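Down below is the structure, laid out as structure tokens.
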Amino acid sequence: MEKRVDLTLLLSFYGAMLTERQRDALRLYYEDDLSLSEIAALCGVTRQGAHDLIRRGESQLLSLEQRLGLRARWVRICQGLDTVKEAIEAGKSGHAIEIINTLLREEEEQDGF
């Protein structure tokens with residue numbers, strides 16, 4: 001995935017676990033496409049300070065994803081649902097049910113049920 005899209009997704013999943021300043025800096029950088037200088041002015045820090053906020057926030061997001069894997073699970077489920085939709089549209093409802101059962105089984109195994 002493109003870095004910008006990937007980090008925007010990670011921010012939506014894990015943003016609440018960052019400091020408010022990190023979350024704000026990442027949103028301004030990735031969602032609003034502001035420059036480091038613009039972010040620095042808005043956050044009341046130097047350009048280097050804005051850069052550091054963003055890099056530390058990115059590092060935390062990647063670390064959280066590595067430990068928790070919510071984005072990876074979400075992507076897998078979305079891909080599975082796309083396959084289910086295609087199977088239903090092709091008139092293969094039995095195959096769609098198999099895919100749904102596989103997705104449910106994988107989620108149960110992931111959660112340890």
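Going through the structure tokens in order, the chains are called A, B, and so on, while each chain numbers its residues from 1 and the ligands are numbered from 1 in the order shown.
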Q: Mind checking which residues fall within 12 Å of region 19-34 of chain A, counting only C-alpha atoms, ignoring those fewer than 2 positions away in the same chain, and posting them as a ChimeraX atom specification?
A: /A:2-17,36-45,47,49-61
Write out the residues from the selection above, keeping N, CA and C atoms, as a short mmCIF file (atom, residue, chain, number, x, y, z; two decimals), in the first residue's frame.
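Heads up, here's the output in result-v1.cif:
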```cif
data_model
loop_
_atom_site.label_atom_id
_atom_site.label_comp_id
_atom_site.auth_asym_id
_atom_site.auth_seq_id
_atom_site.Cartn_x
_atom_site.Cartn_y
_atom_site.Cartn_z
N GLU A 2 0.39 2.27 -0.63
CA GLU A 2 1.10 3.53 -0.61
C GLU A 2 1.26 4.01 0.83
N LYS A 3 2.41 4.57 1.13
CA LYS A 3 2.72 4.97 2.51
C LYS A 3 1.65 5.91 3.07
N ARG A 4 1.23 6.88 2.29
CA ARG A 4 0.25 7.86 2.78
C ARG A 4 -1.07 7.18 3.14
N VAL A 5 -1.54 6.31 2.27
CA VAL A 5 -2.80 5.61 2.52
C VAL A 5 -2.65 4.68 3.72
N ASP A 6 -1.53 3.97 3.77
CA ASP A 6 -1.28 3.04 4.86
C ASP A 6 -1.27 3.76 6.21
N LEU A 7 -0.54 4.87 6.28
CA LEU A 7 -0.46 5.59 7.56
C LEU A 7 -1.77 6.27 7.91
N THR A 8 -2.53 6.68 6.92
CA THR A 8 -3.85 7.25 7.20
C THR A 8 -4.76 6.18 7.81
N LEU A 9 -4.70 4.96 7.27
CA LEU A 9 -5.48 3.86 7.85
C LEU A 9 -5.02 3.55 9.27
N LEU A 10 -3.71 3.48 9.46
CA LEU A 10 -3.19 3.22 10.80
C LEU A 10 -3.62 4.31 11.78
N LEU A 11 -3.64 5.54 11.32
CA LEU A 11 -4.08 6.65 12.17
C LEU A 11 -5.54 6.50 12.55
N SER A 12 -6.35 6.02 11.63
CA SER A 12 -7.77 5.82 11.96
C SER A 12 -7.96 4.69 12.97
N PHE A 13 -7.13 3.66 12.88
CA PHE A 13 -7.23 2.54 13.82
C PHE A 13 -6.63 2.86 15.18
N TYR A 14 -5.48 3.51 15.20
CA TYR A 14 -4.71 3.65 16.43
C TYR A 14 -4.51 5.09 16.89
N GLY A 15 -5.08 6.05 16.20
CA GLY A 15 -4.85 7.45 16.53
C GLY A 15 -5.13 7.82 17.98
N ALA A 16 -6.12 7.19 18.56
CA ALA A 16 -6.48 7.50 19.95
C ALA A 16 -5.38 7.09 20.93
N MET A 17 -4.45 6.26 20.49
CA MET A 17 -3.38 5.79 21.37
C MET A 17 -2.15 6.69 21.31
N LEU A 36 5.82 20.60 6.50
CA LEU A 36 6.37 20.63 7.85
C LEU A 36 6.38 22.06 8.41
N SER A 37 6.67 23.03 7.58
CA SER A 37 6.67 24.43 8.02
C SER A 37 5.28 24.88 8.45
N GLU A 38 4.26 24.50 7.69
CA GLU A 38 2.89 24.86 8.04
C GLU A 38 2.46 24.18 9.34
N ILE A 39 2.83 22.92 9.50
CA ILE A 39 2.49 22.18 10.71
C ILE A 39 3.21 22.80 11.91
N ALA A 40 4.46 23.17 11.72
CA ALA A 40 5.24 23.79 12.79
C ALA A 40 4.56 25.07 13.27
N ALA A 41 4.11 25.89 12.32
CA ALA A 41 3.44 27.15 12.69
C ALA A 41 2.15 26.88 13.44
N LEU A 42 1.37 25.92 12.99
CA LEU A 42 0.10 25.61 13.65
C LEU A 42 0.28 24.98 15.03
N CYS A 43 1.34 24.19 15.19
CA CYS A 43 1.56 23.47 16.44
C CYS A 43 2.47 24.24 17.41
N GLY A 44 3.02 25.35 16.96
CA GLY A 44 3.87 26.14 17.83
C GLY A 44 5.21 25.48 18.12
N VAL A 45 5.75 24.77 17.13
CA VAL A 45 7.06 24.12 17.27
C VAL A 45 7.92 24.51 16.08
N ARG A 47 10.29 23.58 12.71
CA ARG A 47 10.10 22.63 11.61
C ARG A 47 10.65 21.26 12.02
N GLY A 49 10.86 20.18 15.06
CA GLY A 49 9.93 19.65 16.06
C GLY A 49 8.72 18.98 15.40
N ALA A 50 8.22 19.59 14.32
CA ALA A 50 7.09 18.99 13.58
C ALA A 50 7.53 17.67 12.96
N HIS A 51 8.73 17.66 12.38
CA HIS A 51 9.26 16.44 11.78
C HIS A 51 9.37 15.33 12.84
N ASP A 52 9.89 15.67 14.00
CA ASP A 52 10.04 14.69 15.08
C ASP A 52 8.69 14.15 15.55
N LEU A 53 7.70 15.04 15.70
CA LEU A 53 6.35 14.60 16.09
C LEU A 53 5.81 13.58 15.10
N ILE A 54 5.97 13.87 13.83
CA ILE A 54 5.45 12.98 12.79
C ILE A 54 6.19 11.65 12.79
N ARG A 55 7.51 11.68 12.86
CA ARG A 55 8.28 10.44 12.82
C ARG A 55 8.01 9.57 14.06
N ARG A 56 7.92 10.19 15.24
CA ARG A 56 7.61 9.41 16.44
C ARG A 56 6.20 8.82 16.35
N GLY A 57 5.25 9.61 15.84
CA GLY A 57 3.89 9.12 15.67
C GLY A 57 3.84 7.96 14.69
N GLU A 58 4.54 8.09 13.56
CA GLU A 58 4.60 7.00 12.59
C GLU A 58 5.17 5.74 13.23
N SER A 59 6.24 5.91 13.96
CA SER A 59 6.88 4.77 14.60
C SER A 59 5.92 4.07 15.56
N GLN A 60 5.18 4.84 16.33
CA GLN A 60 4.22 4.25 17.26
C GLN A 60 3.09 3.54 16.52
N LEU A 61 2.60 4.14 15.44
CA LEU A 61 1.53 3.50 14.66
C LEU A 61 1.99 2.16 14.09
#
```
(Q) Report, in Å with one decimal, the straight-line distance from CA of Ala90 (chain A) to CA of Arg105 (chain A). (A) 23.8 Å
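The gap separating CA of Val84 (chain A) from CA of Ile99 (chain A) is 6.5 Å, in Å to one decimal.
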(Q) as a VMD selection string, please: the residues near Ala72 (chain A) (cut-off 12 Å, only C-alpha atoms, same-chain neighbours under 5 positions excluded). (A) chain A and resid 1 6 9 to 10 13 62 64 to 67 77 to 79 107 110
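Close contacts of region 100-103 of chain A, defined as residues with an atom at most 10 Å away when counting only C-alpha atoms, with chain neighbours fewer than 5 positions off set aside, comprise Arg76, Ile77, Gly80, Leu81, Thr83, Val84, Gly94, His95, Glu108 and Glu109 of chain A.
In this model, the gap between CA of Asp82 (chain A) and CA of Glu98 (chain A) comes to 13.6 Å.
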Q: Could you pull out the residues in chain A that DSSP calls alpha helix (DSSP H) from the backbone, as an MDAnalysis selection string?
A: chainID A and resid 3:14 20:26 36:43 47:68 70:89 93:111
